[in-house]
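Shown next: model-v3.cif, given as mmCIF, C-alpha atoms and all ligand atoms; chains and numbers go by the auth columns.
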data_structure
#
loop_
_atom_site.group_PDB
_atom_site.id
_atom_site.type_symbol
_atom_site.label_atom_id
_atom_site.label_comp_id
_atom_site.label_asym_id
_atom_site.label_seq_id
_atom_site.Cartn_x
_atom_site.Cartn_y
_atom_site.Cartn_z
_atom_site.B_iso_or_equiv
_atom_site.auth_seq_id
_atom_site.auth_asym_id
ATOM 1 C CA MET A 1 98.648 117.401 91.833 0.00 669 A
ATOM 2 C CA GLY A 2 96.069 119.592 90.214 0.00 670 A
ATOM 3 C CA SER A 3 93.695 120.135 93.108 0.00 671 A
ATOM 4 C CA ALA A 4 92.949 123.319 94.974 0.00 672 A
ATOM 5 C CA LYS A 5 94.400 122.125 98.262 0.00 673 A
ATOM 6 C CA THR A 6 97.760 123.907 98.016 0.00 674 A
ATOM 7 C CA ALA A 7 96.047 127.169 97.070 0.00 675 A
ATOM 8 C CA LEU A 8 93.790 126.711 100.084 0.00 676 A
ATOM 9 C CA LEU A 9 96.775 126.165 102.373 0.00 677 A
ATOM 10 C CA LEU A 10 98.463 129.309 101.059 0.00 678 A
ATOM 11 C CA THR A 11 95.294 131.360 101.486 0.00 679 A
ATOM 12 C CA THR A 12 95.005 130.133 105.080 0.00 680 A
ATOM 13 C CA ALA A 13 98.648 131.058 105.706 0.00 681 A
ATOM 14 C CA TYR A 14 98.012 134.523 104.285 0.00 682 A
ATOM 15 C CA ASN A 15 95.011 135.022 106.568 0.00 683 A
ATOM 16 C CA PHE A 16 97.003 133.918 109.620 0.00 684 A
ATOM 17 C CA GLU A 17 99.771 136.348 108.727 0.00 685 A
ATOM 18 C CA GLU A 18 97.355 139.241 108.321 0.00 686 A
ATOM 19 C CA ARG A 19 95.940 138.579 111.779 0.00 687 A
ATOM 20 C CA GLY A 20 99.366 138.182 113.374 0.00 688 A
ATOM 21 C CA MET A 21 98.766 134.520 114.248 0.00 689 A
ATOM 22 C CA ARG A 22 101.715 132.225 114.851 0.00 690 A
ATOM 23 C CA TYR A 23 101.962 129.483 112.239 0.00 691 A
ATOM 24 C CA VAL A 24 104.457 127.382 110.350 0.00 692 A
ATOM 25 C CA CYS A 25 104.224 125.660 106.942 0.00 693 A
ATOM 26 C CA LEU A 26 105.716 122.204 106.486 0.00 694 A
ATOM 27 C CA LYS A 27 105.963 119.800 103.588 0.00 695 A
ATOM 28 C CA PRO A 28 107.328 116.276 103.148 0.00 696 A
ATOM 29 C CA VAL A 29 110.261 116.228 100.728 0.00 697 A
ATOM 30 C CA VAL A 30 109.594 113.944 97.815 0.00 698 A
ATOM 31 C CA ASP A 31 111.793 115.545 95.205 0.00 699 A
ATOM 32 C CA THR A 32 115.194 116.145 96.798 0.00 700 A
ATOM 33 C CA ARG A 33 116.331 117.934 93.626 0.00 701 A
ATOM 34 C CA GLU A 34 114.221 120.896 94.719 0.00 702 A
ATOM 35 C CA LYS A 35 116.625 123.399 96.199 0.00 703 A
ATOM 36 C CA ILE A 36 114.265 125.978 97.608 0.00 704 A
ATOM 37 C CA ASN A 37 111.889 125.140 100.432 0.00 705 A
ATOM 38 C CA VAL A 38 108.650 126.525 99.111 0.00 706 A
ATOM 39 C CA ILE A 39 105.048 125.525 98.802 0.00 707 A
ATOM 40 C CA ARG A 40 103.909 126.640 95.386 0.00 708 A
ATOM 41 C CA SER A 41 100.441 126.596 93.849 0.00 709 A
ATOM 42 C CA ARG A 42 99.565 126.563 90.187 0.00 710 A
ATOM 43 C CA ILE A 43 97.969 129.985 90.484 0.00 711 A
ATOM 44 C CA GLY A 44 101.391 131.453 91.145 0.00 712 A
ATOM 45 C CA ILE A 45 101.539 132.143 94.862 0.00 713 A
ATOM 46 C CA GLU A 46 104.173 130.551 97.048 0.00 714 A
ATOM 47 C CA ARG A 47 105.435 130.512 100.594 0.00 715 A
ATOM 48 C CA GLU A 48 108.524 129.312 102.377 0.00 716 A
ATOM 49 C CA CYS A 49 108.194 126.059 104.247 0.00 717 A
ATOM 50 C CA LYS A 50 110.187 123.667 106.370 0.00 718 A
ATOM 51 C CA TRP A 51 110.950 120.297 104.896 0.00 719 A
ATOM 52 C CA ILE A 52 109.879 117.048 106.476 0.00 720 A
ATOM 53 C CA HIS A 53 112.165 114.111 105.717 0.00 721 A
ATOM 54 C CA ALA A 54 111.070 110.499 106.076 0.00 722 A
ATOM 55 C CA ASP A 55 112.992 110.239 109.358 0.00 723 A
ATOM 56 C CA THR A 56 111.965 113.635 110.776 0.00 724 A
ATOM 57 C CA ASP A 57 110.367 113.365 114.216 0.00 725 A
ATOM 58 C CA LEU A 58 107.647 116.003 114.029 0.00 726 A
ATOM 59 C CA TYR A 59 107.107 116.043 117.793 0.00 727 A
ATOM 60 C CA MET A 60 110.762 116.926 118.322 0.00 728 A
ATOM 61 C CA LEU A 61 110.688 119.396 115.432 0.00 729 A
ATOM 62 C CA ALA A 62 107.710 121.150 117.051 0.00 730 A
ATOM 63 C CA GLN A 63 109.460 121.265 120.437 0.00 731 A
ATOM 64 C CA ASP A 64 112.555 122.794 118.809 0.00 732 A
ATOM 65 C CA LEU A 65 110.397 125.435 117.111 0.00 733 A
ATOM 66 C CA PHE A 66 108.649 126.282 120.387 0.00 734 A
ATOM 67 C CA GLU A 67 112.020 126.645 122.087 0.00 735 A
ATOM 68 C CA GLN A 68 113.421 128.873 119.321 0.00 736 A
ATOM 69 C CA SER A 69 110.399 131.170 119.280 0.00 737 A
ATOM 70 C CA MET A 70 110.001 131.011 123.091 0.00 738 A
ATOM 71 C CA CYS A 71 106.336 130.140 122.735 0.00 739 A
ATOM 72 C CA VAL A 72 103.949 127.524 121.405 0.00 740 A
ATOM 73 C CA ILE A 73 103.121 127.880 117.707 0.00 741 A
ATOM 74 C CA ASP A 74 99.346 127.822 117.350 0.00 742 A
ATOM 75 C CA TRP A 75 99.026 126.495 113.832 0.00 743 A
ATOM 76 C CA PHE A 76 100.865 123.958 111.688 0.00 744 A
ATOM 77 C CA LEU A 77 99.928 123.823 108.001 0.00 745 A
ATOM 78 C CA ILE A 78 101.120 120.660 106.257 0.00 746 A
ATOM 79 C CA ASP A 79 101.116 120.376 102.464 0.00 747 A
ATOM 80 C CA GLU A 80 101.177 117.013 100.629 0.00 748 A
ATOM 81 C CA ALA A 81 100.240 115.272 103.873 0.00 749 A
ATOM 82 C CA GLN A 82 99.643 111.998 102.047 0.00 750 A
ATOM 83 C CA PHE A 83 103.427 111.595 101.998 0.00 751 A
ATOM 84 C CA LEU A 84 103.763 111.702 105.795 0.00 752 A
ATOM 85 C CA THR A 85 104.580 108.409 107.460 0.00 753 A
ATOM 86 C CA SER A 86 102.073 106.871 109.821 0.00 754 A
ATOM 87 C CA ALA A 87 104.449 107.608 112.731 0.00 755 A
ATOM 88 C CA GLN A 88 104.662 111.291 111.734 0.00 756 A
ATOM 89 C CA VAL A 89 100.872 111.626 111.823 0.00 757 A
ATOM 90 C CA ASP A 90 100.944 110.163 115.347 0.00 758 A
ATOM 91 C CA GLN A 91 103.658 112.690 116.293 0.00 759 A
ATOM 92 C CA LEU A 92 101.486 115.558 115.029 0.00 760 A
ATOM 93 C CA ALA A 93 98.586 114.234 117.094 0.00 761 A
ATOM 94 C CA ARG A 94 100.811 114.369 120.176 0.00 762 A
ATOM 95 C CA VAL A 95 101.694 118.006 119.399 0.00 763 A
ATOM 96 C CA VAL A 96 97.957 118.761 119.334 0.00 764 A
ATOM 97 C CA ASP A 97 97.232 116.831 122.535 0.00 765 A
ATOM 98 C CA ASP A 98 100.247 117.987 124.582 0.00 766 A
ATOM 99 C CA TYR A 99 100.572 121.607 123.470 0.00 767 A
ATOM 100 C CA GLY A 100 97.133 122.574 122.176 0.00 768 A
ATOM 101 C CA SER A 101 98.485 123.493 118.742 0.00 769 A
ATOM 102 C CA ASN A 102 96.242 123.047 115.718 0.00 770 A
ATOM 103 C CA VAL A 103 97.445 121.003 112.770 0.00 771 A
ATOM 104 C CA ILE A 104 95.804 121.245 109.352 0.00 772 A
ATOM 105 C CA CYS A 105 96.950 118.604 106.857 0.00 773 A
ATOM 106 C CA TYR A 106 96.212 119.095 103.173 0.00 774 A
ATOM 107 C CA GLY A 107 96.580 116.078 100.950 0.00 775 A
ATOM 108 C CA LEU A 108 95.248 113.466 98.623 0.00 776 A
ATOM 109 C CA ARG A 109 93.184 110.543 99.785 0.00 777 A
ATOM 110 C CA THR A 110 94.365 107.912 97.326 0.00 778 A
ATOM 111 C CA ASP A 111 97.079 107.212 94.756 0.00 779 A
ATOM 112 C CA PHE A 112 96.728 106.579 90.992 0.00 780 A
ATOM 113 C CA GLN A 113 95.662 103.006 91.721 0.00 781 A
ATOM 114 C CA THR A 114 92.889 104.193 94.085 0.00 782 A
ATOM 115 C CA HIS A 115 94.658 102.972 97.227 0.00 783 A
ATOM 116 C CA LEU A 116 95.143 105.058 100.363 0.00 784 A
ATOM 117 C CA PHE A 117 98.480 106.751 100.919 0.00 785 A
ATOM 118 C CA GLU A 118 100.162 105.886 104.222 0.00 786 A
ATOM 119 C CA GLY A 119 99.803 109.380 105.676 0.00 787 A
ATOM 120 C CA SER A 120 96.197 109.736 104.542 0.00 788 A
ATOM 121 C CA LYS A 121 95.271 106.358 106.009 0.00 789 A
ATOM 122 C CA ARG A 122 96.565 107.338 109.440 0.00 790 A
ATOM 123 C CA LEU A 123 94.855 110.732 109.209 0.00 791 A
ATOM 124 C CA PHE A 124 91.521 109.054 108.468 0.00 792 A
ATOM 125 C CA GLU A 125 92.096 106.903 111.537 0.00 793 A
ATOM 126 C CA ILE A 126 92.949 109.579 114.091 0.00 794 A
ATOM 127 C CA ALA A 127 92.171 113.099 112.818 0.00 795 A
ATOM 128 C CA ASP A 128 89.566 115.064 114.774 0.00 796 A
ATOM 129 C CA THR A 129 87.840 116.193 111.593 0.00 797 A
ATOM 130 C CA ILE A 130 88.133 115.442 107.882 0.00 798 A
ATOM 131 C CA ASP A 131 86.955 117.954 105.276 0.00 799 A
ATOM 132 C CA GLU A 132 86.693 116.971 101.656 0.00 800 A
ATOM 133 C CA ILE A 133 87.725 119.465 98.976 0.00 801 A
ATOM 134 C CA LYS A 134 85.446 118.516 96.119 0.00 802 A
ATOM 135 C CA SER A 135 86.251 118.951 92.442 0.00 803 A
ATOM 136 C CA THR A 136 84.345 118.066 89.311 0.00 804 A
ATOM 137 C CA CYS A 137 85.217 115.641 86.526 0.00 805 A
ATOM 138 C CA THR A 138 84.768 116.719 82.894 0.00 806 A
ATOM 139 C CA CYS A 139 81.531 114.669 82.893 0.00 807 A
ATOM 140 C CA GLY A 140 80.138 116.616 85.851 0.00 808 A
ATOM 141 C CA ARG A 141 80.521 113.955 88.539 0.00 809 A
ATOM 142 C CA LYS A 142 82.667 114.277 91.640 0.00 810 A
ATOM 143 C CA THR A 143 86.324 113.372 91.112 0.00 811 A
ATOM 144 C CA ILE A 144 87.537 110.348 93.057 0.00 812 A
ATOM 145 C CA VAL A 145 90.668 109.083 91.292 0.00 813 A
ATOM 146 C CA ASN A 146 93.977 110.827 90.659 0.00 814 A
ATOM 147 C CA ALA A 147 94.806 109.051 87.426 0.00 815 A
ATOM 148 C CA ARG A 148 98.398 108.975 86.176 0.00 816 A
ATOM 149 C CA ILE A 149 98.724 109.695 82.475 0.00 817 A
ATOM 150 C CA GLY A 150 101.235 107.886 80.268 0.00 818 A
ATOM 151 C CA ALA A 151 103.070 109.329 77.265 0.00 819 A
ATOM 152 C CA ASN A 152 100.305 108.171 74.891 0.00 820 A
ATOM 153 C CA GLY A 153 97.557 109.743 76.963 0.00 821 A
ATOM 154 C CA ASP A 154 96.412 106.447 78.458 0.00 822 A
ATOM 155 C CA PHE A 155 95.843 105.930 82.176 0.00 823 A
ATOM 156 C CA VAL A 156 98.803 104.160 83.741 0.00 824 A
ATOM 157 C CA THR A 157 97.787 101.266 85.964 0.00 825 A
ATOM 158 C CA GLU A 158 101.164 99.903 87.083 0.00 826 A
ATOM 159 C CA GLY A 159 104.187 101.494 88.710 0.00 827 A
ATOM 160 C CA ALA A 160 105.524 103.011 91.911 0.00 828 A
ATOM 161 C CA GLN A 161 103.090 104.882 94.166 0.00 829 A
ATOM 162 C CA VAL A 162 105.235 108.017 94.037 0.00 830 A
ATOM 163 C CA GLU A 163 107.050 109.213 90.945 0.00 831 A
ATOM 164 C CA ILE A 164 109.554 112.035 91.222 0.00 832 A
ATOM 165 C CA GLY A 165 108.906 115.126 89.149 0.00 833 A
ATOM 166 C CA GLY A 166 105.720 113.913 87.535 0.00 834 A
ATOM 167 C CA ASP A 167 103.210 116.351 89.027 0.00 835 A
ATOM 168 C CA ASP A 168 101.846 117.342 85.622 0.00 836 A
ATOM 169 C CA ARG A 169 101.098 113.735 84.768 0.00 837 A
ATOM 170 C CA TYR A 170 97.976 113.468 86.894 0.00 838 A
ATOM 171 C CA ILE A 171 94.355 114.180 86.171 0.00 839 A
ATOM 172 C CA SER A 172 91.435 113.983 88.589 0.00 840 A
ATOM 173 C CA VAL A 173 88.515 111.973 87.261 0.00 841 A
ATOM 174 C CA CYS A 174 85.352 110.383 88.592 0.00 842 A
ATOM 175 C CA ARG A 175 85.232 106.661 89.289 0.00 843 A
ATOM 176 C CA ARG A 176 83.046 105.996 86.267 0.00 844 A
ATOM 177 C CA CYS A 177 85.289 107.810 83.749 0.00 845 A
ATOM 178 C CA TRP A 178 88.317 106.072 85.272 0.00 846 A
ATOM 179 C CA ARG A 179 86.679 102.656 84.762 0.00 847 A
ATOM 180 C CA ASN A 180 85.398 103.419 81.251 0.00 848 A
ATOM 181 C CA LYS A 181 88.777 104.681 80.110 0.00 849 A
ATOM 182 C CA ARG A 182 90.484 101.547 81.392 0.00 850 A
ATOM 183 C CA ILE A 183 87.934 99.318 79.649 0.00 851 A
ATOM 184 C CA GLU A 184 88.485 101.334 76.456 0.00 852 A
ATOM 185 C CA GLN A 185 92.264 100.925 76.799 0.00 853 A
ATOM 186 C CA ALA A 186 91.985 97.188 77.434 0.00 854 A
ATOM 187 C CA THR A 187 89.748 96.760 74.380 0.00 855 A
ATOM 188 C CA LYS A 188 92.081 98.814 72.206 0.00 856 A
ATOM 189 C CA ASN A 189 95.096 96.793 73.294 0.00 857 A
ATOM 190 C CA THR A 190 93.496 93.455 72.506 0.00 858 A
ATOM 191 C CA LEU A 191 92.378 94.390 68.988 0.00 859 A
ATOM 192 C CA PRO A 192 94.290 92.460 66.321 0.00 860 A
ATOM 193 C CA LEU A 193 96.861 94.583 64.487 0.00 861 A
ATOM 194 C CA ILE A 194 96.114 94.375 60.770 0.00 862 A
HETATM 195 ZN ZN ZN B . 83.729 111.589 84.903 0.00 901 B
#
Represent the structure from my file as structure tokens, please.
Amino acid sequence: MGSAKTALLLTTAYNFEERGMRYVCLKPVVDTREKINVIRSRIGIERECKWIHADTDLYMLAQDLFEQSMCVIDWFLIDEAQFLTSAQVDQLARVVDDYGSNVICYGLRTDFQTHLFEGSKRLFEIADTIDEIKSTCTCGRKTIVNARIGANGDFVTEGAQVEIGGDDRYISVCRRCWRNKRIEQATKNTLPLI
């Protein structure tokens, strides 16, 4: 959704590969129309990943992977971690605690209505560390909101938390620009049509 997090994940994966470190990339499936399991960034690089479905038990998935490769996998890189369920975040924590693997989750903090995603909420609650990837709004302030853009260019304020296939419909803005734009929209919509 327009941030640098996927590129960062792919760069990390590349570094692990160069050093011969054992890792696996995973990603929750949101768009089931996607046929190829890849993590793709806007700058053009991509990497194969395993899909996480809503009912996937990540603790069991990790155990299966360890069995297949006859060893513990040291690193798990998770893209779009905001779409994990709360239970899946707990399962990842158990993988860390029981096997000593490291799990890095890349994701958004909040949705287009500024509310926490389920996966992000649980990560804030139990992750060992949280690093913020900062980006800058067109006005120069730090971006806070992932605004959803409607067909007319307005910020959308109602709708489902996740929309399939609408990745290009988001823009990161600061809290102030988000508020001002919504005030502007509200004013525009209440003007009498002459
Ligand atoms: Zn701004």
Requested in this report: Identify all residues satisfying the PyMOL selection byres (((chain A and resi 752-765) around 12) and not hetatm) in the given file; provide them as JSON, numbers by chain.
Outcome: {"A": [694, 695, 696, 697, 698, 719, 720, 721, 722, 723, 724, 725, 726, 727, 728, 729, 730, 731, 732, 733, 734, 740, 741, 742, 743, 744, 745, 746, 747, 748, 749, 750, 751, 766, 767, 768, 769, 770, 771, 772, 773, 774, 775, 776, 784, 785, 786, 787, 788, 789, 790, 791, 792, 793, 794, 795, 796]}
Report summary line: Min atom-atom distance to Gly821 in chain A from the set A:Ile704, A:Arg850, A:Glu685, A:Ile801, counting all atoms listed in the file, belongs to A:Arg850
**Report entry** Exercise answer, 9 Å around ligand ZN 901 (chain B) with all atoms listed in the file, as a PyMOL selection string
**Finding:** chain A and resi 804-811+840-846
Requested in this report: List the residues matched by the PyMOL selection byres (((chain A and resi 682) around 12) and not hetatm) in the displayed structure as a PyMOL selection string, ordered by chain and then by residue number.
Outcome: chain A and resi 675-681+683-693+713-716+745
Report task. Tell me which of A:Asn705, A:Ile839, A:Ile832, A:Lys856 sits closest to Ser803 in chain A, counting only C-alpha atoms. Result -> A:Ile839
Can you rebuild range 826-839 of chain A with N, CA and C atoms and give it as a PDB file, keeping the file's coordinate frame?
ATOM      1  N   GLU A 826     100.089 100.565  86.338  1.00  0.00           N
ATOM      2  CA  GLU A 826     101.164  99.903  87.083  1.00  0.00           C
ATOM      3  C   GLU A 826     102.263 100.917  87.391  1.00  0.00           C
ATOM      4  N   GLY A 827     103.041 100.639  88.425  1.00  0.00           N
ATOM      5  CA  GLY A 827     104.187 101.494  88.710  1.00  0.00           C
ATOM      6  C   GLY A 827     104.268 101.853  90.179  1.00  0.00           C
ATOM      7  N   ALA A 828     105.317 102.621  90.525  1.00  0.00           N
ATOM      8  CA  ALA A 828     105.524 103.011  91.911  1.00  0.00           C
ATOM      9  C   ALA A 828     104.436 103.991  92.352  1.00  0.00           C
ATOM     10  N   GLN A 829     104.136 103.990  93.653  1.00  0.00           N
ATOM     11  CA  GLN A 829     103.090 104.882  94.166  1.00  0.00           C
ATOM     12  C   GLN A 829     103.476 106.352  93.985  1.00  0.00           C
ATOM     13  N   VAL A 830     104.770 106.642  94.183  1.00  0.00           N
ATOM     14  CA  VAL A 830     105.235 108.017  94.037  1.00  0.00           C
ATOM     15  C   VAL A 830     106.272 108.086  92.928  1.00  0.00           C
ATOM     16  N   GLU A 831     106.067 108.996  92.002  1.00  0.00           N
ATOM     17  CA  GLU A 831     107.050 109.213  90.945  1.00  0.00           C
ATOM     18  C   GLU A 831     107.603 110.625  91.067  1.00  0.00           C
ATOM     19  N   ILE A 832     108.917 110.730  91.049  1.00  0.00           N
ATOM     20  CA  ILE A 832     109.554 112.035  91.222  1.00  0.00           C
ATOM     21  C   ILE A 832     109.345 112.899  89.979  1.00  0.00           C
ATOM     22  N   GLY A 833     108.958 114.145  90.232  1.00  0.00           N
ATOM     23  CA  GLY A 833     108.906 115.126  89.149  1.00  0.00           C
ATOM     24  C   GLY A 833     107.808 114.905  88.130  1.00  0.00           C
ATOM     25  N   GLY A 834     106.764 114.183  88.515  1.00  0.00           N
ATOM     26  CA  GLY A 834     105.720 113.913  87.535  1.00  0.00           C
ATOM     27  C   GLY A 834     104.388 114.551  87.882  1.00  0.00           C
ATOM     28  N   ASP A 835     104.434 115.708  88.543  1.00  0.00           N
ATOM     29  CA  ASP A 835     103.210 116.351  89.027  1.00  0.00           C
ATOM     30  C   ASP A 835     102.208 116.678  87.920  1.00  0.00           C
ATOM     31  N   ASP A 836     102.743 116.960  86.710  1.00  0.00           N
ATOM     32  CA  ASP A 836     101.846 117.342  85.622  1.00  0.00           C
ATOM     33  C   ASP A 836     101.277 116.117  84.907  1.00  0.00           C
ATOM     34  N   ARG A 837     101.564 114.958  85.426  1.00  0.00           N
ATOM     35  CA  ARG A 837     101.098 113.735  84.768  1.00  0.00           C
ATOM     36  C   ARG A 837      99.857 113.141  85.446  1.00  0.00           C
ATOM     37  N   TYR A 838      99.159 113.977  86.198  1.00  0.00           N
ATOM     38  CA  TYR A 838      97.976 113.468  86.894  1.00  0.00           C
ATOM     39  C   TYR A 838      96.737 114.244  86.477  1.00  0.00           C
ATOM     40  N   ILE A 839      95.623 113.535  86.473  1.00  0.00           N
ATOM     41  CA  ILE A 839      94.355 114.180  86.171  1.00  0.00           C
ATOM     42  C   ILE A 839      93.306 113.583  87.123  1.00  0.00           C
TER      43      ILE A 839
END
